[in-house]
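Quick look at query_39.cif (mmCIF, C-alpha atoms and all ligand atoms):
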data_structure
loop_
_atom_site.label_atom_id
_atom_site.label_comp_id
_atom_site.auth_asym_id
_atom_site.auth_seq_id
_atom_site.Cartn_x
_atom_site.Cartn_y
_atom_site.Cartn_z
CA MET A 1 -13.37 52.26 169.61
CA HIS A 2 -12.69 50.77 173.01
CA ALA A 3 -9.40 51.83 174.56
CA LEU A 4 -7.52 50.24 177.44
CA LEU A 5 -5.60 52.94 179.30
CA VAL A 6 -2.91 51.49 181.58
CA GLU A 7 -1.73 54.37 183.76
CA ASP A 8 -1.25 54.53 187.54
CA ASP A 9 -1.05 58.34 187.74
CA ASP A 10 -4.56 59.74 188.35
CA ARG A 11 -3.97 63.17 186.78
CA MET A 12 -2.35 61.71 183.66
CA ALA A 13 -5.10 59.08 183.39
CA HIS A 14 -7.79 61.76 183.69
CA ALA A 15 -6.22 63.93 180.98
CA LEU A 16 -5.77 61.00 178.61
CA GLY A 17 -9.21 59.55 179.37
CA THR A 18 -10.86 62.91 178.66
CA ALA A 19 -9.00 63.38 175.37
CA LEU A 20 -9.90 59.87 174.20
CA ALA A 21 -13.56 60.29 175.21
CA GLN A 22 -13.73 63.60 173.31
CA ARG A 23 -12.68 61.71 170.19
CA GLY A 24 -15.52 59.23 170.64
CA HIS A 25 -13.60 56.37 172.26
CA THR A 26 -14.84 54.43 175.26
CA VAL A 27 -12.09 54.00 177.83
CA ARG A 28 -11.31 51.51 180.54
CA ARG A 29 -8.58 52.85 182.78
CA VAL A 30 -6.53 50.49 184.96
CA GLY A 31 -3.61 51.37 187.23
CA ARG A 32 -2.03 47.96 187.69
CA ALA A 33 -0.48 45.41 185.34
CA LEU A 34 -2.66 42.64 186.75
CA ASP A 35 -5.82 44.51 185.75
CA ALA A 36 -4.37 45.31 182.32
CA LEU A 37 -3.92 41.57 181.67
CA ARG A 38 -7.47 40.94 182.90
CA HIS A 39 -9.09 43.48 180.58
CA VAL A 40 -6.85 43.55 177.51
CA HIS A 41 -9.08 41.14 175.56
CA GLU A 42 -11.77 43.87 175.38
CA ALA A 43 -9.40 46.47 173.98
CA GLU A 44 -9.32 47.69 170.39
CA PHE A 45 -6.22 49.68 171.21
CA VAL A 46 -3.98 50.12 174.24
CA LEU A 47 -2.10 53.06 175.77
CA LEU A 48 0.54 51.72 178.16
CA ASP A 49 2.57 53.52 180.83
CA LEU A 50 5.75 51.58 181.64
CA GLY A 51 6.14 52.75 185.24
CA LEU A 52 3.54 50.64 187.05
CA PRO A 53 3.48 49.64 190.72
CA ASP A 54 3.17 45.87 190.37
CA LEU A 55 5.18 44.81 187.29
CA ASP A 56 7.82 46.28 184.99
CA GLY A 57 6.05 47.80 182.01
CA LEU A 58 8.26 46.07 179.42
CA GLU A 59 7.48 42.70 181.00
CA LEU A 60 3.78 43.58 180.95
CA LEU A 61 4.10 44.60 177.30
CA ARG A 62 5.57 41.18 176.41
CA ARG A 63 2.79 39.40 178.29
CA LEU A 64 0.08 41.53 176.67
CA ARG A 65 1.53 40.72 173.26
CA THR A 66 1.21 36.97 173.82
CA VAL A 67 -2.56 37.35 174.23
CA CYS A 68 -3.47 40.49 172.26
CA ASP A 69 -2.40 42.05 168.98
CA ALA A 70 -4.43 45.25 169.23
CA PRO A 71 -2.51 48.45 168.37
CA LEU A 72 -0.47 49.53 171.38
CA ILE A 73 1.31 52.79 172.12
CA VAL A 74 3.76 53.08 175.01
CA VAL A 75 3.34 56.42 176.81
CA THR A 76 6.16 56.82 179.29
CA ALA A 77 8.67 59.07 180.99
CA ARG A 78 11.48 56.65 180.03
CA CYS A 79 13.34 58.29 177.20
CA GLU A 80 16.61 56.33 176.94
CA GLU A 81 17.17 54.94 173.45
CA ARG A 82 17.57 51.43 174.87
CA ASP A 83 14.11 51.67 176.52
CA ILE A 84 12.53 52.83 173.28
CA VAL A 85 14.20 50.09 171.22
CA GLN A 86 13.19 47.43 173.74
CA GLY A 87 9.62 48.75 173.81
CA LEU A 88 9.30 48.62 170.05
CA ARG A 89 10.94 45.19 169.86
CA ALA A 90 8.62 43.92 172.58
CA GLY A 91 5.70 44.69 170.29
CA ALA A 92 4.73 48.33 170.80
CA ASP A 93 3.42 49.98 167.62
CA ASP A 94 4.62 53.40 168.71
CA TYR A 95 6.36 55.10 171.61
CA VAL A 96 5.58 58.52 173.04
CA VAL A 97 7.76 60.13 175.70
CA LYS A 98 6.21 62.28 178.48
CA PRO A 99 5.64 65.16 178.49
CA PHE A 100 3.86 65.05 175.14
CA ARG A 101 1.33 67.17 173.25
CA MET A 102 -2.13 65.61 173.49
CA ALA A 103 -2.97 66.40 169.84
CA GLU A 104 0.20 64.60 168.71
CA LEU A 105 -0.60 61.52 170.81
CA MET A 106 -4.15 61.41 169.42
CA ALA A 107 -2.77 61.65 165.87
CA ARG A 108 -0.44 58.73 166.65
CA VAL A 109 -3.40 56.73 167.98
CA ASP A 110 -5.21 57.28 164.67
CA SER A 111 -2.07 56.34 162.75
CA VAL A 112 -1.40 53.00 164.49
CA ARG A 113 -5.08 52.08 164.22
CA ARG A 114 -4.98 52.70 160.46
CA ARG A 115 -1.80 50.65 160.06
CA SER A 116 -3.24 47.82 162.11
CA ALA A 117 -6.40 47.76 159.97
CA VAL A 118 -4.18 47.28 156.90
CA ARG A 119 -2.09 44.62 158.67
CA SER A 120 -5.08 42.49 159.62
CA GLY A 121 -6.48 42.48 156.08
CA PRO A 122 -6.84 39.25 154.09
CA THR A 123 -3.72 37.13 153.55
CA GLY A 124 -2.89 35.23 150.39
CA PRO A 125 -4.53 31.93 149.47
CA SER A 126 -1.39 29.83 150.02
CA GLY A 127 0.65 29.35 153.12
CA PRO A 128 -0.44 29.72 156.72
CA THR A 129 -3.71 31.53 157.31
CA SER A 130 -4.87 33.46 160.31
CA GLY A 131 -8.56 33.61 161.24
CA GLY A 132 -10.24 36.45 163.06
CA ASP A 133 -10.73 34.12 166.04
CA ARG A 134 -6.97 33.97 166.66
CA ILE A 135 -6.58 30.47 165.24
CA VAL A 136 -3.72 29.97 162.81
CA ARG A 137 -3.44 26.92 160.57
CA SER A 138 -0.58 25.59 158.53
CA GLY A 139 -0.89 22.17 156.90
CA ASP A 140 -2.39 19.88 159.54
CA VAL A 141 -1.14 22.04 162.41
CA THR A 142 -3.54 24.34 164.28
CA VAL A 143 -2.28 26.99 166.68
CA ASP A 144 -4.95 28.40 169.00
CA LEU A 145 -3.45 31.62 170.31
CA ALA A 146 -6.22 32.30 172.81
CA ARG A 147 -6.30 28.81 174.36
CA ARG A 148 -2.51 28.40 173.97
CA THR A 149 -2.78 24.99 172.34
CA VAL A 150 -1.14 23.35 169.33
CA THR A 151 -2.79 20.41 167.62
CA VAL A 152 -1.31 18.23 164.90
CA ALA A 153 -3.71 16.10 162.87
CA ASP A 154 -6.35 16.71 165.57
CA SER A 155 -4.24 15.58 168.53
CA GLU A 156 -2.94 18.13 171.00
CA VAL A 157 0.84 18.42 171.34
CA ARG A 158 2.19 19.35 174.76
CA LEU A 159 4.72 22.15 174.40
CA THR A 160 6.49 23.98 177.21
CA ARG A 161 5.44 27.56 177.87
CA ARG A 162 8.50 28.94 176.06
CA GLU A 163 8.09 26.59 173.13
CA PHE A 164 4.50 27.73 172.75
CA ASP A 165 5.59 31.37 173.06
CA VAL A 166 7.95 30.88 170.10
CA VAL A 167 5.24 29.24 167.95
CA ALA A 168 2.67 31.86 168.97
CA PHE A 169 5.02 34.72 168.17
CA LEU A 170 5.61 33.36 164.65
CA ALA A 171 1.93 32.50 164.18
CA GLU A 172 0.78 36.00 165.09
CA ARG A 173 2.29 37.32 161.84
CA PRO A 174 2.69 34.25 159.65
CA ASP A 175 3.64 36.23 156.55
CA GLU A 176 6.66 37.89 158.20
CA VAL A 177 10.20 36.69 158.88
CA HIS A 178 11.30 37.57 162.41
CA ALA A 179 14.89 38.36 163.36
CA ARG A 180 16.47 36.24 166.09
CA GLU A 181 16.99 39.40 168.16
CA GLU A 182 13.33 40.32 167.88
CA ILE A 183 12.21 36.87 169.08
CA LEU A 184 14.75 36.80 171.91
CA ASP A 185 13.81 40.29 173.02
CA ARG A 186 10.13 39.57 172.99
CA ILE A 187 10.14 36.17 174.67
CA TRP A 188 13.26 36.18 176.83
CA GLY A 189 13.27 39.91 177.40
CA ASP A 190 16.78 40.66 176.21
CA ALA A 191 18.63 39.81 173.02
CA PHE A 192 21.97 40.66 174.58
CA LEU A 193 22.06 38.03 177.31
CA GLY A 194 23.60 34.64 176.68
CA VAL A 195 20.22 33.17 175.77
CA SER A 196 20.71 32.95 172.02
CA ARG A 197 21.21 29.16 172.12
CA SER A 198 17.92 28.83 174.05
CA LEU A 199 16.03 29.88 170.95
CA ASP A 200 17.60 27.10 168.87
CA VAL A 201 16.84 24.58 171.61
CA HIS A 202 13.20 25.65 171.77
CA VAL A 203 12.80 25.62 167.99
CA ALA A 204 14.26 22.09 167.94
CA GLY A 205 11.79 21.11 170.67
CA VAL A 206 8.83 22.43 168.68
CA ARG A 207 9.94 20.59 165.52
CA ALA A 208 10.51 17.32 167.37
CA LYS A 209 7.32 17.36 169.45
CA THR A 210 5.03 18.28 166.55
CA GLY A 211 6.79 15.94 164.12
CA ARG A 212 6.47 18.79 161.61
CA PRO A 213 10.01 20.11 161.08
CA TRP A 214 8.72 22.57 158.45
CA LEU A 215 6.52 24.35 161.02
CA VAL A 216 9.37 26.66 161.98
CA ARG A 217 11.23 27.79 158.87
CA THR A 218 14.85 28.89 159.34
CA VAL A 219 15.96 31.94 157.38
CA ARG A 220 19.74 31.50 157.48
CA GLY A 221 21.68 34.25 159.16
CA PHE A 222 18.52 36.15 160.07
CA GLY A 223 15.74 34.41 161.94
CA TYR A 224 12.57 32.36 161.70
CA GLN A 225 9.11 32.32 160.15
CA LEU A 226 6.06 30.13 160.54
CA GLY A 227 6.44 27.53 157.80
CA ALA A 228 4.09 25.73 155.45
CA PRO A 229 4.25 22.04 154.50
CA PRO A 230 6.41 21.30 151.44
CA ALA A 231 4.30 21.50 148.28
CA GLY A 232 3.05 18.23 146.86
CA THR A 233 3.96 16.08 149.85
CA GLY A 234 1.73 14.75 152.57
CA PRO A 235 2.77 15.34 156.18
CA PRO A 236 4.98 12.68 157.79
CA GLY A 237 2.79 9.99 159.28
CA ALA A 238 -0.09 10.69 156.92
CA PRO A 239 -1.87 7.68 155.44
CA ALA A 240 -0.09 6.14 152.45
CA GLY A 241 -1.01 7.95 149.28
CA GLY A 242 -1.38 11.27 151.10
CA PRO A 243 -4.14 13.81 150.64
CA ARG A 244 -5.86 13.99 147.27
CA CA B 301 3.49 55.55 186.10
#

Could you write out this structure as structure tokens?
Amino acid sequence: MHALLVEDDDRMAHALGTALAQRGHTVRRVGRALDALRHVHEAEFVLLDLGLPDLDGLELLRRLRTVCDAPLIVVTARCEERDIVQGLRAGADDYVVKPFRMAELMARVDSVRRRSAVRSGPTGPSGPTSGGDRIVRSGDVTVDLARRTVTVADSEVRLTRREFDVVAFLAERPDEVHAREEILDRIWGDAFLGVSRSLDVHVAGVRAKTGRPWLVRTVRGFGYQLGAPPAGTGPPGAPAGGPR
């Protein structure tokens, strides 16, 4: 499989690159966040160092996760519990603290790849569906994760960047309910700042602009999920009589 190795330390990159190549993976190694964002679309899995010269690794992780859902393991010297929790909440599949045993890291690579293969299996026939081309549909709403567009009944809706981030985050795993803290952490970068109200404001914006209030389903006291249109009813604004 093709690995993206994001690591600015040459010796560490060489050791990791060699171990991955020995296991039959092809590797692109980059040392800067900018290059990671440029090449992540090729990657089938990602190893990410958090201490990079041009951007904080957690911020890079959040940005990678808006465009890529390949398995990702953080490999870092940061070992504080708060760093680990934030890394996992920001979308890492696993977290390995340096120094580590190479055999253990390679076993973890195999493990997250297996889990991700299960996760991307077929979804049920009802509710939102996710295609392999990163297009997610629910009712007459289409979310194009790669092009960052939302269309409702074939017309594009103009969302703000944050509003789209919220929709995209829910659309990436349409069958899961996401905790408020998880969404805040991933999109705003910290669930503990006074940004909690921002999430409600952005959800309200998405519902109003799309005219599809069901698109973001509230799970009281917990969080949000990508919603499906109410059964047996046509979408608001549909021709009289609704779909047959
Ligand atoms: Ca580093």

Considering only C-alpha atoms and all ligand atoms, give me a table of residues in chain A that are at most 10 Å from ligand CA 301 (chain B), with the closest atom pair and distance in Å for each, as a tab-separated table.
residue	atom	partner	partner_atom	distance
A:Val6	CA	B:CA301	CA	8.8
A:Glu7	CA	B:CA301	CA	5.8
A:Asp8	CA	B:CA301	CA	5.1
A:Asp9	CA	B:CA301	CA	5.6
A:Asp10	CA	B:CA301	CA	9.3
A:Met12	CA	B:CA301	CA	8.8
A:Ala13	CA	B:CA301	CA	9.7
A:Gly31	CA	B:CA301	CA	8.3
A:Arg32	CA	B:CA301	CA	9.5
A:Leu48	CA	B:CA301	CA	9.3
A:Asp49	CA	B:CA301	CA	5.7
A:Leu50	CA	B:CA301	CA	6.4
A:Gly51	CA	B:CA301	CA	3.9
A:Leu52	CA	B:CA301	CA	5.0
A:Pro53	CA	B:CA301	CA	7.5
A:Gly57	CA	B:CA301	CA	9.1
A:Val75	CA	B:CA301	CA	9.3
A:Thr76	CA	B:CA301	CA	7.4
A:Ala77	CA	B:CA301	CA	8.1

**Request:** Go through A:Leu4, A:Ile183, A:Leu64, A:Leu16 and flag the residue nearest Arg101 in chain A, using all atoms listed in the file for the distances.
**Result:**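 Closest to Arg101 in chain A, using all atoms listed in the file: A:Leu16.
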
**Prompt:** Which polymer residues have any atom within 7 Å of an atom of range 139-156 of chain A, counting only C-alpha atoms, with same-chain residues fewer than 3 positions away left out, as a ChimeraX atom specification?
**Reply:** /A:67,134-136,168,210,228-229

Could those selected residues go to a file with C-alpha atoms, as a tab-separated table (two decimals), in the frame of the given file?
chain	number	residue	atom	x	y	z
A	67	VAL	CA	-2.56	37.35	174.23
A	134	ARG	CA	-6.97	33.97	166.66
A	135	ILE	CA	-6.58	30.47	165.24
A	136	VAL	CA	-3.72	29.97	162.81
A	168	ALA	CA	2.67	31.86	168.97
A	210	THR	CA	5.03	18.28	166.55
A	228	ALA	CA	4.09	25.73	155.45
A	229	PRO	CA	4.25	22.04	154.50

Could you list, as an mmCIF file with C-alpha atoms, keeping the file's coordinate frame, every residue within 7 Å of Pro174 in chain A, counting all atoms listed in the file and ignoring same-chain residues fewer than 2 positions away?
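So selection_27.cif came out as:
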data_model
loop_
_atom_site.group_PDB
_atom_site.id
_atom_site.type_symbol
_atom_site.label_atom_id
_atom_site.label_comp_id
_atom_site.auth_asym_id
_atom_site.auth_seq_id
_atom_site.Cartn_x
_atom_site.Cartn_y
_atom_site.Cartn_z
ATOM 1 C CA PRO A 128 -0.440 29.720 156.720
ATOM 2 C CA LEU A 170 5.610 33.360 164.650
ATOM 3 C CA ALA A 171 1.930 32.500 164.180
ATOM 4 C CA GLU A 172 0.780 36.000 165.090
ATOM 5 C CA GLU A 176 6.660 37.890 158.200
ATOM 6 C CA GLN A 225 9.110 32.320 160.150
ATOM 7 C CA LEU A 226 6.060 30.130 160.540
#

**Message:** One decimal, in Å: what's the spacing between CA of Lys98 in chain A and CA of Cys68 in chain A?
**Reply:**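 Computing it gives 24.6 Å between the two atoms.
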
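CA of Met106 in chain A sits 22.6 Å away from CA of Glu81 in chain A.
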
**Message:** Residues near Met102 in chain A, anyone? I mean within 12 Å using only C-alpha atoms, not counting same-chain ones fewer than 3 positions away, as number ranges by chain.
**Reply:** A: 12, 15-20, 22-23, 75, 96-99, 105-109
